>>> print(open('query_7.txt').read())   # compact mmCIF, C-alpha atoms
# COMPACT_ATOMS: atom_id res chain seq x y z
CA MET A 201 -17.13 31.88 -69.10
CA PRO A 202 -17.54 29.28 -66.35
CA PHE A 203 -20.95 28.81 -64.77
CA LEU A 204 -21.49 26.65 -61.72
CA ILE A 205 -24.70 24.61 -61.76
CA ARG A 206 -25.68 23.49 -58.26
CA GLN A 207 -28.77 22.44 -56.33
CA ALA A 208 -30.78 25.42 -55.20
CA VAL A 209 -31.25 25.81 -51.44
CA PRO A 210 -33.84 27.73 -49.40
CA ALA A 211 -31.35 30.58 -48.85
CA ASP A 212 -31.49 31.21 -52.63
CA ILE A 213 -35.21 32.07 -52.61
CA PRO A 214 -34.87 35.88 -52.31
CA ALA A 215 -32.37 36.00 -55.21
CA LEU A 216 -34.52 33.60 -57.26
CA ARG A 217 -37.57 35.85 -56.83
CA VAL A 218 -35.65 38.86 -58.16
CA LEU A 219 -34.23 36.80 -61.03
CA ILE A 220 -37.63 35.38 -62.04
CA ASP A 221 -39.31 38.81 -62.05
CA ALA A 222 -36.56 40.35 -64.22
CA SER A 223 -36.47 37.36 -66.58
CA VAL A 224 -40.23 37.33 -67.12
CA ARG A 225 -40.58 41.10 -67.57
CA GLN A 226 -37.72 41.41 -70.05
CA LEU A 227 -37.31 38.12 -71.89
CA GLN A 228 -41.02 37.33 -72.31
CA ALA A 229 -42.09 40.85 -73.27
CA GLY A 230 -42.06 39.99 -76.98
CA ASP A 231 -44.53 37.12 -76.55
CA TYR A 232 -46.98 38.39 -73.93
CA THR A 233 -48.61 41.69 -73.05
CA PRO A 234 -47.53 43.61 -69.95
CA SER A 235 -50.87 42.82 -68.28
CA GLN A 236 -50.47 39.09 -68.99
CA LEU A 237 -46.98 39.12 -67.50
CA GLU A 238 -47.91 41.08 -64.39
CA SER A 239 -50.95 38.88 -63.71
CA ALA A 240 -48.87 35.73 -64.27
CA LEU A 241 -46.17 37.01 -61.90
CA GLU A 242 -48.82 37.43 -59.21
CA THR A 243 -50.33 33.96 -59.56
CA VAL A 244 -48.46 31.53 -61.86
CA TYR A 245 -44.76 32.32 -62.10
CA GLY A 246 -42.51 32.26 -59.07
CA VAL A 247 -40.35 30.12 -56.88
CA ASP A 248 -41.55 26.55 -56.34
CA SER A 249 -40.22 25.68 -52.89
CA ARG A 250 -41.34 22.05 -53.37
CA LEU A 251 -38.72 21.63 -56.12
CA ILE A 252 -36.05 23.04 -53.83
CA ALA A 253 -37.13 20.73 -50.98
CA ASP A 254 -37.09 17.74 -53.35
CA GLY A 255 -33.52 18.60 -54.39
CA THR A 256 -34.51 18.83 -58.07
CA TYR A 257 -34.12 22.57 -58.63
CA PHE A 258 -30.86 24.06 -59.84
CA ALA A 259 -29.24 27.48 -59.68
CA ALA A 260 -26.59 28.72 -62.08
CA GLU A 261 -24.11 31.06 -60.50
CA VAL A 262 -20.98 32.97 -61.38
CA SER A 263 -18.38 34.58 -59.18
CA ALA A 264 -18.85 38.24 -58.37
CA ALA A 265 -15.77 39.01 -60.47
CA GLU A 266 -17.48 37.49 -63.55
CA THR A 267 -20.61 39.63 -63.08
CA HIS A 268 -18.59 42.76 -63.68
CA ALA A 269 -17.78 41.46 -67.17
CA ALA A 270 -21.47 41.03 -67.99
CA PRO A 271 -23.66 43.64 -69.66
CA ALA A 272 -25.58 45.97 -67.37
CA ARG A 273 -27.54 43.80 -64.98
CA ALA A 274 -31.31 43.80 -64.97
CA SER A 275 -31.61 42.13 -61.59
CA ASP A 276 -29.79 41.94 -58.31
CA GLY A 277 -29.40 38.20 -57.94
CA GLN A 278 -26.76 38.48 -55.25
CA VAL A 279 -26.60 35.40 -53.03
CA GLY A 280 -23.43 36.16 -51.17
CA ARG A 281 -20.45 38.42 -51.49
CA HIS A 282 -18.73 36.12 -53.93
CA THR A 283 -21.42 34.64 -56.21
CA THR A 284 -24.48 35.76 -58.16
CA VAL A 285 -27.41 33.57 -59.27
CA ILE A 286 -27.93 34.11 -63.02
CA GLY A 287 -30.28 31.25 -63.93
CA CYS A 288 -32.51 28.55 -62.49
CA GLY A 289 -34.60 25.58 -63.53
CA GLY A 290 -35.56 22.13 -62.39
CA TRP A 291 -37.28 18.84 -62.92
CA SER A 292 -40.02 17.28 -60.86
CA LYS A 293 -41.28 13.87 -59.87
CA ARG A 294 -44.65 15.44 -59.03
CA LYS A 295 -47.75 15.98 -61.20
CA THR A 296 -47.59 19.79 -61.34
CA LEU A 297 -46.62 20.83 -64.89
CA TYR A 298 -46.08 24.54 -64.21
CA GLY A 299 -46.53 27.20 -61.55
CA GLY A 300 -44.79 28.41 -58.42
CA ASP A 301 -45.88 28.39 -54.79
CA ARG A 302 -48.75 30.84 -55.46
CA TRP A 303 -50.28 28.76 -58.29
CA SER A 304 -53.60 27.27 -57.20
CA GLY A 305 -53.47 24.41 -59.71
CA ARG A 306 -50.58 22.56 -58.05
CA GLN A 307 -50.68 18.77 -57.70
CA ASP A 308 -47.99 17.40 -55.39
CA ASP A 309 -48.84 13.72 -55.99
CA LEU A 310 -45.81 11.69 -57.01
CA LEU A 311 -45.43 10.48 -60.59
CA ASP A 312 -44.70 6.86 -61.50
CA PRO A 313 -41.43 6.77 -63.50
CA HIS A 314 -42.62 3.63 -65.33
CA ARG A 315 -45.83 5.27 -66.50
CA ASP A 316 -45.47 9.05 -66.26
CA ALA A 317 -43.15 11.70 -67.68
CA ALA A 318 -40.99 13.74 -65.33
CA ARG A 319 -41.72 17.46 -65.45
CA ILE A 320 -39.18 20.02 -66.63
CA ARG A 321 -40.05 23.16 -64.69
CA ALA A 322 -39.49 26.82 -63.96
CA PHE A 323 -36.56 27.85 -66.18
CA PHE A 324 -35.50 31.48 -65.92
CA VAL A 325 -32.28 33.28 -66.90
CA ASP A 326 -31.10 36.74 -65.93
CA PRO A 327 -31.61 38.90 -69.05
CA ALA A 328 -28.01 40.12 -68.83
CA TRP A 329 -26.86 36.49 -69.20
CA ALA A 330 -29.38 35.24 -71.79
CA ARG A 331 -28.23 33.10 -74.73
CA GLN A 332 -24.93 32.11 -73.18
CA GLY A 333 -25.68 28.42 -72.59
CA ILE A 334 -27.00 28.66 -69.04
CA GLY A 335 -30.41 27.16 -69.83
CA SER A 336 -28.74 24.33 -71.74
CA LEU A 337 -26.50 23.43 -68.80
CA ILE A 338 -29.43 23.46 -66.39
CA LEU A 339 -31.53 21.36 -68.77
CA GLU A 340 -28.72 18.78 -69.03
CA ALA A 341 -28.62 18.54 -65.21
CA CYS A 342 -32.41 18.14 -65.10
CA GLU A 343 -32.55 15.48 -67.81
CA SER A 344 -29.73 13.53 -66.14
CA GLY A 345 -31.45 13.73 -62.75
CA ALA A 346 -34.79 12.56 -64.13
CA LYS A 347 -33.14 9.70 -66.00
CA ALA A 348 -31.24 8.64 -62.87
CA ALA A 349 -34.59 8.57 -61.03
CA GLY A 350 -35.93 6.07 -63.59
CA PHE A 351 -37.92 8.37 -65.88
CA THR A 352 -37.80 7.68 -69.62
CA ARG A 353 -39.94 10.60 -70.74
CA LEU A 354 -39.99 14.32 -69.98
CA GLU A 355 -42.73 16.94 -70.32
CA THR A 356 -42.75 20.69 -69.93
CA GLY A 357 -45.29 23.48 -70.06
CA ALA A 358 -43.22 25.90 -72.15
CA THR A 359 -43.91 29.59 -72.41
CA LEU A 360 -44.08 30.92 -75.95
CA THR A 361 -40.64 32.40 -75.31
CA GLY A 362 -39.26 29.00 -74.30
CA VAL A 363 -40.72 26.95 -77.16
CA PRO A 364 -37.80 27.52 -79.60
CA PHE A 365 -35.29 26.54 -76.88
CA TYR A 366 -37.09 23.28 -76.10
CA ARG A 367 -37.60 22.45 -79.79
CA ALA A 368 -33.85 22.90 -80.33
CA LYS A 369 -33.28 20.42 -77.47
CA GLY A 370 -35.47 17.74 -79.07
CA TYR A 371 -38.83 18.43 -77.42
CA ALA A 372 -41.95 18.12 -79.58
CA ASP A 373 -45.23 20.00 -79.24
CA LEU A 374 -48.06 17.95 -77.72
CA GLU A 375 -50.79 20.55 -77.24
CA HIS A 376 -51.43 24.25 -76.86
CA LEU A 377 -52.85 25.26 -73.48
CA THR A 378 -54.18 28.48 -72.02
CA VAL A 379 -53.59 29.22 -68.35
CA PRO A 380 -56.42 31.36 -66.92
CA LEU A 381 -55.27 34.54 -65.20
CA PRO A 382 -57.18 36.41 -62.48
CA ASN A 383 -57.41 39.59 -64.60
CA GLY A 384 -59.61 37.72 -67.10
CA GLU A 385 -56.84 37.14 -69.63
CA SER A 386 -55.01 33.88 -70.26
CA LEU A 387 -51.39 32.87 -70.72
CA PRO A 388 -50.78 30.65 -73.77
CA ILE A 389 -48.23 27.89 -73.19
CA VAL A 390 -47.26 24.74 -75.08
CA ARG A 391 -47.09 21.28 -73.53
CA MET A 392 -43.98 19.59 -74.98
CA ALA A 393 -42.33 16.20 -74.52
CA LYS A 394 -39.14 14.27 -75.14
CA GLY A 395 -37.80 10.79 -74.43
CA VAL A 396 -34.54 10.29 -72.53
>>> encode(input="query_7.txt", output="structure tokens")
Amino acid sequence: MPFLIRQAVPADIPALRVLIDASVRQLQAGDYTPSQLESALETVYGVDSRLIADGTYFAAEVSAAETHAAPARASDGQVGRHTTVIGCGGWSKRKTLYGGDRWSGRQDDLLDPHRDAARIRAFFVDPAWARQGIGSLILEACESGAKAAGFTRLETGATLTGVPFYRAKGYADLEHLTVPLPNGESLPIVRMAKGV
């Protein structure tokens, strides 16, 4: 089934929000508690408009005709009459390792490609389209973009759900982190890295 991977644009933000919420609530439910997920959706997860502005965030879309062939949809990622956003993810030349616009720990300082690792960020797939190669295609676009920008290393702050995906793509665990949540809980993630 053909997926189009393209740069995300500001007009995609409403569809991306719906996609991210559905992806987190359904695909991460086996690794985190409902209260962890809801707290993280309020403060950590979400659209990072800086990635979109930098031109380093990608959307995967299919034609509306293809969405009818998919299993029952968990989200309404409609962008226009003819396409539906079914996945997203990006890379960054900025210090922030994880977190959307609402995350208070953001660092927008630029990284040095000769010294620092580019960040692989904010990957989400519509649950109805999971495990069909969408994340892999987006990751290839991200790794190519970071390499073209002069980066030789990549890092990500992977959710527990994402760790097997990144390991399969050659990323190695660096350290286990806990992201503090406002409800008093924390969100375990794994910092991972790979050379390009």
>>> residues_near_point(input="query_7.txt", point="(-49.3, 40.5, -66.1)", cutoff="10 Å", atoms="all atoms listed in the file", output="PyMOL selection string")
chain A and resi 224-225+232-244+381-383+385-387
>>> residues_near_point(input="query_7.txt", point="(-33.1, 36.0, -60.9)", cutoff="8 Å", atoms="all atoms listed in the file", output="NGL selection string")
:A and (215-223 or 275-277 or 285-288 or 324-326)
>>> atom_distance(input="query_7.txt", atom1="CA of Leu360 in chain A", atom2="CA of Arg294 in chain A")
22.9 Å
>>> residues_around(input="query_7.txt", residues="range 318-321 of chain A", least_positions_apart="5", cutoff="7 Å", atoms="all atoms listed in the file", output="VMD selection string")
chain A and resid 289 to 293 297 to 298 346 351 353 to 356
>>> write_last_selection(input="query_7.txt", atoms="C-alpha atoms", output="JSON list (two decimals), keeping the file's coordinate frame")
[["chain", "number", "residue", "atom", "x", "y", "z"],
["A", 289, "GLY", "CA", -34.60, 25.58, -63.53],
["A", 290, "GLY", "CA", -35.56, 22.13, -62.39],
["A", 291, "TRP", "CA", -37.28, 18.84, -62.92],
["A", 292, "SER", "CA", -40.02, 17.28, -60.86],
["A", 293, "LYS", "CA", -41.28, 13.87, -59.87],
["A", 297, "LEU", "CA", -46.62, 20.83, -64.89],
["A", 298, "TYR", "CA", -46.08, 24.54, -64.21],
["A", 346, "ALA", "CA", -34.79, 12.56, -64.13],
["A", 351, "PHE", "CA", -37.92, 8.37, -65.88],
["A", 353, "ARG", "CA", -39.94, 10.60, -70.74],
["A", 354, "LEU", "CA", -39.99, 14.32, -69.98],
["A", 355, "GLU", "CA", -42.73, 16.94, -70.32],
["A", 356, "THR", "CA", -42.75, 20.69, -69.93]]
>>> closest_residue(input="query_7.txt", among="A:Gly305, A:Pro380, A:Pro388, A:Gly333", to="Thr361 in chain A", atoms="only C-alpha atoms")
A:Pro388
>>> residues_around(input="query_7.txt", residues="Gln207 in chain A", least_positions_apart="6", cutoff="8 Å", atoms="all atoms listed in the file", output="mmCIF file with C-alpha atoms, keeping the file's coordinate frame")
data_model
loop_
_atom_site.group_PDB
_atom_site.id
_atom_site.type_symbol
_atom_site.label_atom_id
_atom_site.label_comp_id
_atom_site.auth_asym_id
_atom_site.auth_seq_id
_atom_site.Cartn_x
_atom_site.Cartn_y
_atom_site.Cartn_z
ATOM 1 C CA ILE A 252 -36.050 23.040 -53.830
ATOM 2 C CA GLY A 255 -33.520 18.600 -54.390
ATOM 3 C CA THR A 256 -34.510 18.830 -58.070
ATOM 4 C CA TYR A 257 -34.120 22.570 -58.630
ATOM 5 C CA PHE A 258 -30.860 24.060 -59.840
ATOM 6 C CA ALA A 259 -29.240 27.480 -59.680
#
>>> atom_distance(input="query_7.txt", atom1="CA of Ser304 in chain A", atom2="CA of Arg206 in chain A")
28.2 Å
>>> closest_residue(input="query_7.txt", among="A:Gly384, A:Gly335, A:Pro313, A:Gly350", to="Lys369 in chain A", atoms="only C-alpha atoms")
A:Gly335
>>> closest_residue(input="query_7.txt", among="A:Lys347, A:Arg250, A:Lys295, A:Lys394", to="Asp309 in chain A", atoms="all atoms listed in the file")
A:Lys295
>>> atom_distance(input="query_7.txt", atom1="CA of Ala330 in chain A", atom2="CA of Leu227 in chain A")
8.4 Å
>>> closest_residue(input="query_7.txt", among="A:Val390, A:Val379, A:Val262, A:Ala349", to="Arg367 in chain A", atoms="only C-alpha atoms")
A:Val390
>>> closest_residue(input="query_7.txt", among="A:Gly246, A:Tyr366, A:Asp231, A:Asp373", to="Glu340 in chain A", atoms="all atoms listed in the file")
A:Tyr366
>>> closest_residue(input="query_7.txt", among="A:Gly362, A:Ala253, A:Ala208, A:Val396", to="Gly345 in chain A", atoms="only C-alpha atoms")
A:Val396
